[in-house]
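Q: Sending over a structure as structure tokens; questions will come in a sec.
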Amino acid sequence: MKRLWNAFCMCYSMFTALPCPWRPWDEDARDLMLVCLPIVGALLGLLWAALSTLASMWLVAPLFAAATAALPWLLTGFIHLDGYMDTCDAILSWRPLEQRLRILKDVHTGAFAVVGLGLLMLFSYASASALTADRLRTLLLIPVISRCGSAFCVLTLTPIGHSEYARTEGKGGQRLAVVAMWAIAMAAGWIWLGKPVIALAVETLAYALAMLWGYRTLKGVSGDVAGFALTVSECAALMALANLRL
């Protein structure tokens, strides 16, 4: 139990910008960090839904939309957004593989990252501006679904050589736990949300397609590629949620 708790605290402090009074580093618990990622997603989703609900009551419509679109980036300290931008630069360069991998590691921001960020902000803001108050509770489950995708892919797919996950050994039990959490989140969405659960299904598909694109283009998975797919899938979920006709 202590090992699992340490893994959760390590995951929480690494993948969020929220205060964490207990910040252990237990190398023996490192392999459980990814299993804790969907649980961290549930906490982020709870804050996203709660703060967006408050924003809908206190702020004018444009500011509410801006806050709702920006909250998942702010709550995570832009860590996944950084991966999204790095991956945009790499995969949209259409260079040979060796150069794409060099671009992925480059600390400088390229034109494709800027364009990709602009499009992401545009679609996220437009989608958030169309959300009604009764759909904001769906935001609780969106980060869970995206992080189930990230955890499963990192535990399953071949890592890029320079990736921080190159030494991660995915075990069958860990992958099964992540799939179980995804299934529980989808079932909860079906029971609790009704038709808006379609947004979670769209998110799952968007994650798979974004990961497939990044994985095939870069010949492996890394934290940046996982952040890219996570960011794209959450935007896709917002777009689907905004376009549902109840």
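For the structure tokens, the naming scheme is as follows: chains receive sequential letters (A, B, ...) according to their order of presentation, residues are indexed from 1 within each chain, and ligands are indexed from 1 in presentation order.
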Could you find all residues in segment 30-231 of chain A that DSSP calls alpha helix (DSSP H) from the backbone, and write them as a PyMOL selection string?

A: chain A and resi 33-58+61-75+79-91+97-105+111-129+142-156+172-192+197-218+223-231

Q: Quick one: everything within 8 Å of segment 140-149 of chain A, counting only C-alpha atoms, minus sequence neighbours fewer than 5 positions away in the same chain. Send it as a list in words.

A: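 Contacts, with the query itself left out: Leu37, Pro38, Ile39, Val40, Gly41, Ala42, Leu44, Gly45, Leu46, Leu47, Trp48, Ala49, Val178, Val179, Met181, Trp182, Ala185, Gly189, Leu200, Glu203, Thr204, Tyr207, Ala208, Leu230, Ser233, Glu234 and Ala237 of chain A.
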
Q: Any idea what's packed within 12 Å of Leu63 of chain A, counting only C-alpha atoms, ignoring anything in its chain fewer than 4 positions away? Could you give it as a PDB file with C-alpha atoms, in the first residue's frame?

A:
ATOM      1  CA  SER A  52     -15.903  25.751 -14.867  1.00  0.00           C
ATOM      2  CA  LEU A  54     -18.293  28.442 -10.868  1.00  0.00           C
ATOM      3  CA  ALA A  55     -17.002  30.375 -13.884  1.00  0.00           C
ATOM      4  CA  SER A  56     -20.321  29.882 -15.679  1.00  0.00           C
ATOM      5  CA  MET A  57     -22.098  31.536 -12.742  1.00  0.00           C
ATOM      6  CA  TRP A  58     -19.678  34.394 -12.113  1.00  0.00           C
ATOM      7  CA  LEU A  59     -18.123  35.312 -15.470  1.00  0.00           C
ATOM      8  CA  ALA A  67     -11.346  29.829 -18.427  1.00  0.00           C
ATOM      9  CA  THR A  68     -12.891  26.472 -19.339  1.00  0.00           C
ATOM     10  CA  ALA A  69     -10.544  26.019 -22.295  1.00  0.00           C
ATOM     11  CA  ALA A  70      -7.440  27.033 -20.346  1.00  0.00           C
ATOM     12  CA  LEU A  71      -8.052  25.185 -17.072  1.00  0.00           C
ATOM     13  CA  TYR A 125     -12.251  28.205 -26.985  1.00  0.00           C
ATOM     14  CA  ALA A 126     -14.961  27.849 -29.651  1.00  0.00           C
ATOM     15  CA  ALA A 128     -16.097  25.828 -24.617  1.00  0.00           C
ATOM     16  CA  SER A 129     -18.175  28.824 -25.674  1.00  0.00           C
TER      17      SER A 129
END

Q: For Leu92 of chain A, list every protein, DNA or RNA residue within 12 Å, evaluated using only C-alpha atoms, and leave out those in the same chain fewer than 4 positions away; present the list as a PDB file with C-alpha atoms, in the first residue's frame.

A:
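What follows is the written file part16.pdb:
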ATOM      1  CA  TYR A  84       1.895  18.683 -27.979  1.00  0.00           C
ATOM      2  CA  MET A  85       3.938  21.584 -29.344  1.00  0.00           C
ATOM      3  CA  ASP A  86       7.184  19.577 -29.554  1.00  0.00           C
ATOM      4  CA  THR A  87       5.407  16.773 -31.399  1.00  0.00           C
ATOM      5  CA  CYS A  88       3.706  19.191 -33.805  1.00  0.00           C
ATOM      6  CA  PRO A  96      13.692  12.121 -42.394  1.00  0.00           C
ATOM      7  CA  LEU A  97      13.212  10.196 -39.162  1.00  0.00           C
ATOM      8  CA  GLN A  99      15.846  14.842 -38.142  1.00  0.00           C
ATOM      9  CA  ARG A 100      12.300  14.472 -36.793  1.00  0.00           C
ATOM     10  CA  LEU A 101      13.663  12.934 -33.600  1.00  0.00           C
ATOM     11  CA  ILE A 103      13.452  18.301 -33.696  1.00  0.00           C
ATOM     12  CA  LEU A 104      11.399  16.505 -31.042  1.00  0.00           C
ATOM     13  CA  GLY A 110       9.221  26.162 -34.324  1.00  0.00           C
ATOM     14  CA  ALA A 111       6.554  27.510 -36.660  1.00  0.00           C
ATOM     15  CA  PHE A 112       4.534  24.287 -36.648  1.00  0.00           C
ATOM     16  CA  ALA A 113       4.297  24.360 -32.845  1.00  0.00           C
ATOM     17  CA  VAL A 114       2.984  27.934 -32.959  1.00  0.00           C
ATOM     18  CA  VAL A 115       0.431  27.139 -35.657  1.00  0.00           C
ATOM     19  CA  GLY A 116      -0.622  23.969 -33.840  1.00  0.00           C
ATOM     20  CA  TRP A 213      -0.045   9.239 -36.235  1.00  0.00           C
ATOM     21  CA  GLY A 214       2.687  10.182 -33.789  1.00  0.00           C
ATOM     22  CA  THR A 217       5.756   9.029 -37.810  1.00  0.00           C
ATOM     23  CA  LEU A 218       8.335   8.913 -35.000  1.00  0.00           C
TER      24      LEU A 218
END

Q: May I have the residues within 12 Å of Leu176 of chain A as a PDB file with N, CA and C atoms, in the first residue's frame, using only C-alpha atoms and disregarding those fewer than 2 positions away in the same chain?

A:
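The resulting file, around24.pdb, is shown below:
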ATOM      1  N   VAL A  35       0.030   3.680 -13.713  1.00  0.00           N
ATOM      2  CA  VAL A  35      -1.260   3.133 -13.282  1.00  0.00           C
ATOM      3  C   VAL A  35      -2.046   4.189 -12.508  1.00  0.00           C
ATOM      4  N   CYS A 148      -6.018   7.390 -19.326  1.00  0.00           N
ATOM      5  CA  CYS A 148      -6.050   5.940 -19.544  1.00  0.00           C
ATOM      6  C   CYS A 148      -5.357   5.606 -20.859  1.00  0.00           C
ATOM      7  N   ALA A 151      -1.499   6.100 -20.358  1.00  0.00           N
ATOM      8  CA  ALA A 151      -0.905   5.038 -19.553  1.00  0.00           C
ATOM      9  C   ALA A 151      -0.834   3.723 -20.336  1.00  0.00           C
ATOM     10  N   PHE A 152      -1.923   3.390 -21.031  1.00  0.00           N
ATOM     11  CA  PHE A 152      -1.953   2.125 -21.769  1.00  0.00           C
ATOM     12  C   PHE A 152      -0.921   2.122 -22.895  1.00  0.00           C
ATOM     13  N   LEU A 155       2.679   1.902 -21.641  1.00  0.00           N
ATOM     14  CA  LEU A 155       2.956   0.574 -21.105  1.00  0.00           C
ATOM     15  C   LEU A 155       3.000  -0.506 -22.190  1.00  0.00           C
ATOM     16  N   THR A 156       2.454  -0.204 -23.367  1.00  0.00           N
ATOM     17  CA  THR A 156       2.291  -1.221 -24.397  1.00  0.00           C
ATOM     18  C   THR A 156       3.222  -1.039 -25.594  1.00  0.00           C
ATOM     19  N   GLY A 170       6.169  -2.514 -19.257  1.00  0.00           N
ATOM     20  CA  GLY A 170       4.748  -2.669 -19.021  1.00  0.00           C
ATOM     21  C   GLY A 170       4.395  -4.102 -18.639  1.00  0.00           C
ATOM     22  N   LYS A 171       3.703  -4.282 -17.548  1.00  0.00           N
ATOM     23  CA  LYS A 171       3.283  -5.600 -17.121  1.00  0.00           C
ATOM     24  C   LYS A 171       1.807  -5.797 -17.437  1.00  0.00           C
ATOM     25  N   GLY A 172       1.442  -7.060 -17.680  1.00  0.00           N
ATOM     26  CA  GLY A 172       0.065  -7.345 -18.045  1.00  0.00           C
ATOM     27  C   GLY A 172      -0.931  -6.858 -17.017  1.00  0.00           C
ATOM     28  N   GLY A 173      -0.596  -7.011 -15.736  1.00  0.00           N
ATOM     29  CA  GLY A 173      -1.498  -6.573 -14.677  1.00  0.00           C
ATOM     30  C   GLY A 173      -1.707  -5.070 -14.679  1.00  0.00           C
ATOM     31  N   GLN A 174      -0.663  -4.305 -14.988  1.00  0.00           N
ATOM     32  CA  GLN A 174      -0.776  -2.857 -15.048  1.00  0.00           C
ATOM     33  C   GLN A 174      -1.653  -2.427 -16.220  1.00  0.00           C
ATOM     34  N   VAL A 178      -5.345  -0.447 -16.120  1.00  0.00           N
ATOM     35  CA  VAL A 178      -5.661   0.771 -16.883  1.00  0.00           C
ATOM     36  C   VAL A 178      -6.904   0.565 -17.741  1.00  0.00           C
ATOM     37  N   VAL A 179      -7.004  -0.586 -18.398  1.00  0.00           N
ATOM     38  CA  VAL A 179      -8.192  -0.889 -19.206  1.00  0.00           C
ATOM     39  C   VAL A 179      -9.438  -0.939 -18.322  1.00  0.00           C
ATOM     40  N   ALA A 180      -9.299  -1.505 -17.137  1.00  0.00           N
ATOM     41  CA  ALA A 180     -10.435  -1.570 -16.202  1.00  0.00           C
ATOM     42  C   ALA A 180     -10.886  -0.166 -15.799  1.00  0.00           C
ATOM     43  N   MET A 181      -9.936   0.734 -15.556  1.00  0.00           N
ATOM     44  CA  MET A 181     -10.294   2.106 -15.191  1.00  0.00           C
ATOM     45  C   MET A 181     -10.981   2.822 -16.347  1.00  0.00           C
ATOM     46  N   TRP A 182     -10.512   2.555 -17.569  1.00  0.00           N
ATOM     47  CA  TRP A 182     -11.183   3.136 -18.743  1.00  0.00           C
ATOM     48  C   TRP A 182     -12.617   2.609 -18.835  1.00  0.00           C
ATOM     49  N   ALA A 183     -12.803   1.315 -18.652  1.00  0.00           N
ATOM     50  CA  ALA A 183     -14.137   0.721 -18.743  1.00  0.00           C
ATOM     51  C   ALA A 183     -15.056   1.269 -17.654  1.00  0.00           C
TER      52      ALA A 183
END

Q: Using only C-alpha atoms, which residues sit within 10 Å of Ser127 of chain A once same-chain residues fewer than 5 positions away are excluded, as a list in words?

A: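 So the residues in contact are Ala65, Thr68, Ala69, Met121, Leu122, Cys235, Ala236, Ala237, Leu238, Met239, Ala240, Leu241, Ala242 and Asn243 of chain A.
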
Q: With C-alpha atoms kept, could you save the residues just selected as a CSV table (one decimal), in the first residue's frame?

A:
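Saved file again.csv follows:
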chain,number,residue,atom,x,y,z
A,65,ALA,CA,-15.2,30.0,-22.4
A,68,THR,CA,-12.9,26.5,-19.3
A,69,ALA,CA,-10.5,26.0,-22.3
A,121,MET,CA,-6.7,27.3,-28.7
A,122,LEU,CA,-9.1,28.4,-31.4
A,235,CYS,CA,-9.9,19.0,-27.5
A,236,ALA,CA,-11.9,16.5,-29.6
A,237,ALA,CA,-14.0,15.6,-26.6
A,238,LEU,CA,-14.8,19.3,-26.0
A,239,MET,CA,-15.8,19.7,-29.7
A,240,ALA,CA,-18.0,16.6,-29.6
A,241,LEU,CA,-19.6,17.8,-26.3
A,242,ALA,CA,-20.3,21.2,-27.8
A,243,ASN,CA,-21.9,19.7,-31.0

Q: What lies within 12 Å of Pro21 of chain A using only C-alpha atoms, ignoring chain neighbours under 6 positions off, as a JSON list (two decimals) with C-alpha atoms, in the first residue's frame?

A:
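Written output follows (part.json):
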[["chain", "number", "residue", "atom", "x", "y", "z"],
["A", 9, "CYS", "CA", 2.24, 11.13, -4.98],
["A", 10, "MET", "CA", 5.06, 10.89, -7.54],
["A", 12, "TYR", "CA", 0.53, 13.74, -8.85],
["A", 13, "SER", "CA", 3.55, 15.98, -8.30]]

Q: Which is closest to Phe228 of chain A among A:Ala90, A:Leu34, A:Ala133, A:Ala7, if we use only C-alpha atoms?

A: A:Ala90

Q: Ranking A:Met14, A:Ala130, A:Val232, A:Ala50 by minimum distance to Ala66 of chain A and counting only C-alpha atoms, which one comes first?

A: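 Ranking A:Met14, A:Ala130, A:Val232, A:Ala50 by distance to Ala66 of chain A, first place goes to A:Ala130.
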
Q: Which residue gives the smallest distance to Phe123 of chain A among A:Thr231, A:Ala17, A:Met211, A:Ala61, with only C-alpha atoms counted?

A: A:Thr231
